[in-house]
Amino acid sequence: MSVVTRFRSAAQLTGGGVLLWSLLGRLPNAMCPIGTLLLVTRNAGSVWRGSVVAGALALGQAVGGPLVGRLADRRGQRTVGLVTALVNTVAVLALVAASEGGLPLAAQIAPAALIGLSVPLVGPLSRSRWVRLAGGDAELTSSMLSLDGIVDEVSFTTGPALVGLLATLVSPAAGLLTAAALVGVGATLFALHPTAPPGTGPDARRRSAEPLMSPPYVLLLAGMALLGACFGSVQVGVTATTDALGRPGAAGLIYGFMGFTSAFAGIATAALPARWELAARLRAGTVLLFATSVLLLFSGGGVLALAGAVGCLGMAVAPQMITMFGLVERTVPTARLGEAMAALVSAIILAQSAGTFLGGWTADHLAPEAPFRITVVAAAAALLLTAATATDRRYPRRSALPVPLPAAVPVKADTLDPAVEPAPARGVKTAQNAPNVRPLRAGREESEEPIRPSRA
């Protein structure tokens, strides 16, 4: 099956509209951190104050992500998505009002923390949703996670650029106001889409009590954290190095180039045959991550050399993330999949903050390119961790998940023709009627009821 065919099947399975809402709903997550930093720094006249408020947002997101994911698993993505979209929109508007009004720092930290706590988690919940829709089909799951990885790269490349453009042409407040509008529209429509799975039902307590922190999942958290440390140190290294070269404006373009190469690698990942197991992909990916990180140590001679090294590093990013998100389905209970995806993102955020802090210290006290040494150390640690632990035995493939059934239009019993199957809800495809998709296997637990759309 070609890459184009796989992506077409994945898009037809989800419905094109939800992919658009997923993209729009993720943009604020990439816009708010840099938008907060720019807004508070300008209004307060202090980079330190801006950093404190932006740090409160990041901390809130790291803490709130798993909590929102857990609620979405138990109460359903629709209900939790709508509530968080509303709270997040109000919190963004409150931060803009507090900063523009010159309120004390504490009055700005509070809404910033609430923004982080109430992020609708469109990205992690998308991946949870796609895994459920794929129903355990290995090739389809890989294609959908690759497609989702591209959407992620587009959002995290476009979001900061959009904030920077609005800050330059209008004002820093315009970036956050745009983010509030995107949350209100994109995240809400994503939550309302018929593909949103409901909660775990009457036995939610029993299922949610299943242990989440199994050894394989803890290893994935550690791997994601090391990848986050690479992100944070690279960002600081690129900023410091371009500034030392007298080309500070090139930093944004280099970040964008890294996102482009990462998205390209995500597409290539979908072309890999299903027989190449995820554990083997993870081992190969960490080798690539370490090899490309070493190139950063020799990239301080000019902007082009730096862009080339960072672009090569981007080739290792999407495959690593796609593979680790794919392995989550094998390591955690089905009823806690959204929470597990959110916790991985929190691990990235916390480690990225630590990488940024350490990178900033080394850039100030050692050399502009010194943060890249942290990148290499983190990549080497990821390589050693994966080489020692990523095996097919540790991450065995398990049976398919129950397939979510689309909502059906109520019909009187006496009007049904037993020879005709009811049509799926408009805009939703199931794996059985999506072209070029293999039939799905039986559910993992025969005692579980099929997952049905929420009516919340």
# chains A, B, ... in the order shown; residues from 1 in each chain; ligands from 1
call {"tool": "residues_around", "arguments": {"residues": "A:Thr331", "least_positions_apart": "5", "cutoff": "12 Å", "atoms": "only C-alpha atoms", "output": "PDB file with N, CA, C and O atoms, in the first residue's frame"}}
result
ATOM      1  N   GLU A 210      -7.123   0.364  36.903  1.00  0.00           N
ATOM      2  CA  GLU A 210      -6.047  -0.458  36.361  1.00  0.00           C
ATOM      3  C   GLU A 210      -4.749   0.337  36.395  1.00  0.00           C
ATOM      4  O   GLU A 210      -4.738   1.529  36.118  1.00  0.00           O
ATOM      5  N   PRO A 211      -3.627  -0.309  36.749  1.00  0.00           N
ATOM      6  CA  PRO A 211      -2.361   0.433  36.873  1.00  0.00           C
ATOM      7  C   PRO A 211      -1.921   1.036  35.558  1.00  0.00           C
ATOM      8  O   PRO A 211      -2.015   0.412  34.505  1.00  0.00           O
ATOM      9  N   LEU A 212      -1.450   2.280  35.621  1.00  0.00           N
ATOM     10  CA  LEU A 212      -0.966   2.971  34.435  1.00  0.00           C
ATOM     11  C   LEU A 212       0.549   2.878  34.326  1.00  0.00           C
ATOM     12  O   LEU A 212       1.105   2.689  33.237  1.00  0.00           O
ATOM     13  N   MET A 213       1.244   2.988  35.449  1.00  0.00           N
ATOM     14  CA  MET A 213       2.702   3.064  35.445  1.00  0.00           C
ATOM     15  C   MET A 213       3.369   1.678  35.401  1.00  0.00           C
ATOM     16  O   MET A 213       4.013   1.255  36.351  1.00  0.00           O
ATOM     17  N   SER A 214       3.170   1.000  34.296  1.00  0.00           N
ATOM     18  CA  SER A 214       3.888  -0.259  34.093  1.00  0.00           C
ATOM     19  C   SER A 214       5.324   0.051  33.684  1.00  0.00           C
ATOM     20  O   SER A 214       5.608   1.144  33.176  1.00  0.00           O
ATOM     21  N   PRO A 215       6.266  -0.870  33.891  1.00  0.00           N
ATOM     22  CA  PRO A 215       7.666  -0.612  33.497  1.00  0.00           C
ATOM     23  C   PRO A 215       7.835  -0.181  32.042  1.00  0.00           C
ATOM     24  O   PRO A 215       8.574   0.774  31.774  1.00  0.00           O
ATOM     25  N   PRO A 216       7.167  -0.817  31.057  1.00  0.00           N
ATOM     26  CA  PRO A 216       7.338  -0.352  29.674  1.00  0.00           C
ATOM     27  C   PRO A 216       6.872   1.087  29.475  1.00  0.00           C
ATOM     28  O   PRO A 216       7.505   1.858  28.746  1.00  0.00           O
ATOM     29  N   TYR A 217       5.761   1.459  30.140  1.00  0.00           N
ATOM     30  CA  TYR A 217       5.265   2.826  29.979  1.00  0.00           C
ATOM     31  C   TYR A 217       6.195   3.836  30.644  1.00  0.00           C
ATOM     32  O   TYR A 217       6.418   4.926  30.108  1.00  0.00           O
ATOM     33  N   VAL A 218       6.750   3.491  31.786  1.00  0.00           N
ATOM     34  CA  VAL A 218       7.713   4.378  32.445  1.00  0.00           C
ATOM     35  C   VAL A 218       8.925   4.606  31.542  1.00  0.00           C
ATOM     36  O   VAL A 218       9.465   5.718  31.474  1.00  0.00           O
ATOM     37  N   LEU A 219       9.350   3.565  30.834  1.00  0.00           N
ATOM     38  CA  LEU A 219      10.469   3.713  29.893  1.00  0.00           C
ATOM     39  C   LEU A 219      10.108   4.660  28.755  1.00  0.00           C
ATOM     40  O   LEU A 219      10.947   5.447  28.298  1.00  0.00           O
ATOM     41  N   LEU A 220       8.862   4.601  28.291  1.00  0.00           N
ATOM     42  CA  LEU A 220       8.429   5.541  27.253  1.00  0.00           C
ATOM     43  C   LEU A 220       8.411   6.977  27.780  1.00  0.00           C
ATOM     44  O   LEU A 220       8.784   7.916  27.065  1.00  0.00           O
ATOM     45  N   LEU A 221       7.978   7.151  29.023  1.00  0.00           N
ATOM     46  CA  LEU A 221       8.010   8.486  29.638  1.00  0.00           C
ATOM     47  C   LEU A 221       9.446   9.010  29.702  1.00  0.00           C
ATOM     48  O   LEU A 221       9.694  10.194  29.405  1.00  0.00           O
ATOM     49  N   MET A 324       6.848   6.203  19.637  1.00  0.00           N
ATOM     50  CA  MET A 324       6.550   6.108  21.072  1.00  0.00           C
ATOM     51  C   MET A 324       5.056   6.245  21.345  1.00  0.00           C
ATOM     52  O   MET A 324       4.512   5.551  22.207  1.00  0.00           O
ATOM     53  N   PHE A 325       4.377   7.127  20.614  1.00  0.00           N
ATOM     54  CA  PHE A 325       2.929   7.211  20.778  1.00  0.00           C
ATOM     55  C   PHE A 325       2.260   5.913  20.341  1.00  0.00           C
ATOM     56  O   PHE A 325       1.257   5.484  20.926  1.00  0.00           O
ATOM     57  N   GLY A 326       2.802   5.263  19.306  1.00  0.00           N
ATOM     58  CA  GLY A 326       2.258   3.985  18.883  1.00  0.00           C
ATOM     59  C   GLY A 326       2.453   2.891  19.914  1.00  0.00           C
ATOM     60  O   GLY A 326       1.603   2.006  20.084  1.00  0.00           O
ATOM     61  N   ARG A 336      -7.477   4.061  29.829  1.00  0.00           N
ATOM     62  CA  ARG A 336      -6.657   5.190  30.277  1.00  0.00           C
ATOM     63  C   ARG A 336      -5.734   5.683  29.162  1.00  0.00           C
ATOM     64  O   ARG A 336      -4.696   6.286  29.420  1.00  0.00           O
ATOM     65  N   LEU A 337      -6.112   5.438  27.909  1.00  0.00           N
ATOM     66  CA  LEU A 337      -5.263   5.782  26.781  1.00  0.00           C
ATOM     67  C   LEU A 337      -5.072   7.290  26.648  1.00  0.00           C
ATOM     68  O   LEU A 337      -3.958   7.772  26.411  1.00  0.00           O
ATOM     69  N   ALA A 340      -2.734   8.541  29.300  1.00  0.00           N
ATOM     70  CA  ALA A 340      -1.356   8.136  29.024  1.00  0.00           C
ATOM     71  C   ALA A 340      -0.723   9.013  27.947  1.00  0.00           C
ATOM     72  O   ALA A 340       0.444   9.410  28.061  1.00  0.00           O
ATOM     73  N   MET A 341      -1.478   9.327  26.899  1.00  0.00           N
ATOM     74  CA  MET A 341      -0.964  10.206  25.851  1.00  0.00           C
ATOM     75  C   MET A 341      -0.643  11.591  26.417  1.00  0.00           C
ATOM     76  O   MET A 341       0.385  12.193  26.090  1.00  0.00           O
ATOM     77  N   ARG A 393       9.714  -8.274  22.959  1.00  0.00           N
ATOM     78  CA  ARG A 393       9.158  -8.966  24.119  1.00  0.00           C
ATOM     79  C   ARG A 393       8.606  -7.987  25.140  1.00  0.00           C
ATOM     80  O   ARG A 393       7.594  -8.244  25.789  1.00  0.00           O
ATOM     81  N   ARG A 394       9.256  -6.845  25.293  1.00  0.00           N
ATOM     82  CA  ARG A 394       8.781  -5.840  26.250  1.00  0.00           C
ATOM     83  C   ARG A 394       7.553  -5.112  25.715  1.00  0.00           C
ATOM     84  O   ARG A 394       6.678  -4.685  26.475  1.00  0.00           O
ATOM     85  N   TYR A 395       7.476  -4.934  24.401  1.00  0.00           N
ATOM     86  CA  TYR A 395       6.350  -4.229  23.775  1.00  0.00           C
ATOM     87  C   TYR A 395       5.641  -5.159  22.801  1.00  0.00           C
ATOM     88  O   TYR A 395       5.667  -4.948  21.590  1.00  0.00           O
ATOM     89  N   PRO A 396       4.992  -6.213  23.272  1.00  0.00           N
ATOM     90  CA  PRO A 396       4.325  -7.148  22.359  1.00  0.00           C
ATOM     91  C   PRO A 396       3.069  -6.536  21.755  1.00  0.00           C
ATOM     92  O   PRO A 396       2.392  -5.721  22.384  1.00  0.00           O
ATOM     93  N   ARG A 397       2.784  -6.927  20.528  1.00  0.00           N
ATOM     94  CA  ARG A 397       1.560  -6.466  19.877  1.00  0.00           C
ATOM     95  C   ARG A 397       0.386  -7.175  20.513  1.00  0.00           C
ATOM     96  O   ARG A 397       0.398  -8.378  20.731  1.00  0.00           O
ATOM     97  N   ARG A 398      -0.678  -6.412  20.808  1.00  0.00           N
ATOM     98  CA  ARG A 398      -1.826  -7.045  21.441  1.00  0.00           C
ATOM     99  C   ARG A 398      -3.028  -6.957  20.516  1.00  0.00           C
ATOM    100  O   ARG A 398      -2.989  -6.358  19.463  1.00  0.00           O
TER     101      ARG A 398
END
call {"tool": "select_by_dssp", "arguments": {"residues": "stretch 223-274 of chain A", "states": "helix (DSSP H, G or I)", "output": "number ranges by chain"}}
result
A: 223-244, 250-270
call {"tool": "closest_residue", "arguments": {"among": "A:Gly60, A:Gly223, A:Gly164, A:Gly55", "to": "A:Val119", "atoms": "only C-alpha atoms"}}
result
A:Gly60
call {"tool": "residues_around", "arguments": {"residues": "A:Leu383", "least_positions_apart": "6", "cutoff": "7 Å", "atoms": "only C-alpha atoms", "output": "list in words"}}
result
Thr286, Val287 and Phe290 of chain A
call {"tool": "residues_around", "arguments": {"residues": "stretch 362-364 of chain A", "least_positions_apart": "4", "cutoff": "9 Å", "atoms": "only C-alpha atoms", "output": "JSON list (two decimals) with all heavy atoms, in the first residue's frame"}}
result
[["chain", "number", "residue", "atom", "x", "y", "z"],
["A", 236, "VAL", "N", 17.52, 26.88, 22.66],
["A", 236, "VAL", "CA", 18.43, 27.87, 23.24],
["A", 236, "VAL", "C", 19.71, 27.96, 22.42],
["A", 236, "VAL", "O", 20.23, 29.05, 22.15],
["A", 236, "VAL", "CB", 18.76, 27.51, 24.70],
["A", 236, "VAL", "CG1", 19.80, 28.47, 25.26],
["A", 236, "VAL", "CG2", 17.50, 27.56, 25.54],
["A", 237, "GLY", "N", 20.24, 26.81, 21.99],
["A", 237, "GLY", "CA", 21.47, 26.80, 21.20],
["A", 237, "GLY", "C", 21.32, 27.55, 19.89],
["A", 237, "GLY", "O", 22.21, 28.31, 19.49],
["A", 240, "ALA", "N", 21.04, 31.37, 20.71],
["A", 240, "ALA", "CA", 22.32, 31.95, 21.13],
["A", 240, "ALA", "C", 23.32, 31.98, 19.99],
["A", 240, "ALA", "O", 24.06, 32.96, 19.82],
["A", 240, "ALA", "CB", 22.88, 31.15, 22.31],
["A", 241, "THR", "N", 23.36, 30.93, 19.18],
["A", 241, "THR", "CA", 24.35, 30.85, 18.10],
["A", 241, "THR", "C", 24.04, 31.86, 17.00],
["A", 241, "THR", "O", 24.95, 32.54, 16.50],
["A", 241, "THR", "CB", 24.40, 29.43, 17.52],
["A", 241, "THR", "OG1", 24.70, 28.50, 18.57],
["A", 241, "THR", "CG2", 25.46, 29.32, 16.44],
["A", 357, "PHE", "N", 16.43, 25.68, 30.57],
["A", 357, "PHE", "CA", 17.12, 26.30, 31.70],
["A", 357, "PHE", "C", 18.62, 25.98, 31.67],
["A", 357, "PHE", "O", 19.47, 26.87, 31.78],
["A", 357, "PHE", "CB", 16.50, 25.82, 33.01],
["A", 357, "PHE", "CG", 17.22, 26.30, 34.24],
["A", 357, "PHE", "CD1", 17.02, 27.58, 34.72],
["A", 357, "PHE", "CD2", 18.10, 25.45, 34.91],
["A", 357, "PHE", "CE1", 17.69, 28.02, 35.86],
["A", 357, "PHE", "CE2", 18.78, 25.89, 36.04],
["A", 357, "PHE", "CZ", 18.57, 27.18, 36.51],
["A", 358, "LEU", "N", 18.95, 24.69, 31.52],
["A", 358, "LEU", "CA", 20.36, 24.30, 31.49],
["A", 358, "LEU", "C", 21.06, 24.87, 30.26],
["A", 358, "LEU", "O", 22.22, 25.30, 30.34],
["A", 358, "LEU", "CB", 20.47, 22.77, 31.50],
["A", 358, "LEU", "CG", 20.03, 22.06, 32.77],
["A", 358, "LEU", "CD1", 20.09, 20.55, 32.60],
["A", 358, "LEU", "CD2", 20.90, 22.49, 33.95],
["A", 368, "PRO", "N", 28.11, 30.21, 23.14],
["A", 368, "PRO", "CA", 26.78, 30.20, 22.51],
["A", 368, "PRO", "C", 26.35, 28.81, 22.04],
["A", 368, "PRO", "O", 25.16, 28.48, 22.10],
["A", 368, "PRO", "CB", 26.94, 31.15, 21.32],
["A", 368, "PRO", "CG", 28.05, 32.06, 21.72],
["A", 368, "PRO", "CD", 29.00, 31.21, 22.51],
["A", 369, "GLU", "N", 27.31, 28.00, 21.56],
["A", 369, "GLU", "CA", 26.95, 26.67, 21.06],
["A", 369, "GLU", "C", 27.00, 25.60, 22.16],
["A", 369, "GLU", "O", 26.73, 24.42, 21.89],
["A", 369, "GLU", "CB", 27.89, 26.26, 19.93],
["A", 369, "GLU", "CG", 29.35, 26.08, 20.33],
["A", 369, "GLU", "CD", 30.14, 27.38, 20.34],
["A", 369, "GLU", "OE1", 29.51, 28.46, 20.19],
["A", 369, "GLU", "OE2", 31.37, 27.31, 20.48],
["A", 370, "ALA", "N", 27.28, 25.98, 23.39],
["A", 370, "ALA", "CA", 27.38, 25.01, 24.49],
["A", 370, "ALA", "C", 26.08, 24.24, 24.74],
["A", 370, "ALA", "O", 26.13, 23.06, 25.13],
["A", 370, "ALA", "CB", 27.83, 25.71, 25.77],
["A", 371, "PRO", "N", 24.88, 24.84, 24.54],
["A", 371, "PRO", "CA", 23.66, 24.05, 24.76],
["A", 371, "PRO", "C", 23.57, 22.79, 23.91],
["A", 371, "PRO", "O", 22.91, 21.82, 24.30],
["A", 371, "PRO", "CB", 22.54, 25.05, 24.39],
["A", 371, "PRO", "CG", 23.13, 26.38, 24.68],
["A", 371, "PRO", "CD", 24.57, 26.26, 24.30],
["A", 374, "ILE", "N", 24.38, 19.60, 25.66],
["A", 374, "ILE", "CA", 23.28, 18.99, 26.41],
["A", 374, "ILE", "C", 22.43, 18.15, 25.47],
["A", 374, "ILE", "O", 21.98, 17.05, 25.83],
["A", 374, "ILE", "CB", 22.43, 20.09, 27.07],
["A", 374, "ILE", "CG1", 23.28, 20.88, 28.06],
["A", 374, "ILE", "CG2", 21.21, 19.50, 27.76],
["A", 374, "ILE", "CD1", 22.57, 22.08, 28.66]]
call {"tool": "closest_residue", "arguments": {"among": "A:Gly186, A:Pro197, A:Gly175, A:Gly64", "to": "A:Gln77", "atoms": "only C-alpha atoms"}}
result
A:Pro197
call {"tool": "residues_around", "arguments": {"residues": "A:Gly285", "least_positions_apart": "6", "cutoff": "8 Å", "atoms": "only C-alpha atoms", "output": "list in words"}}
result
Ala316, Pro319 and Gln320 of chain A
call {"tool": "atom_distance", "arguments": {"atom1": "atom CA of A:Gly25", "atom2": "atom CA of A:Ser118"}}
result
13.0 Å
call {"tool": "closest_residue", "arguments": {"among": "A:Leu39, A:Ala113, A:Leu282, A:Leu147", "to": "A:Ser171", "atoms": "only C-alpha atoms"}}
result
A:Leu39
call {"tool": "closest_residue", "arguments": {"among": "A:Thr389, A:Thr269, A:Thr292, A:Ser99", "to": "A:Ile150", "atoms": "only C-alpha atoms"}}
result
A:Thr269
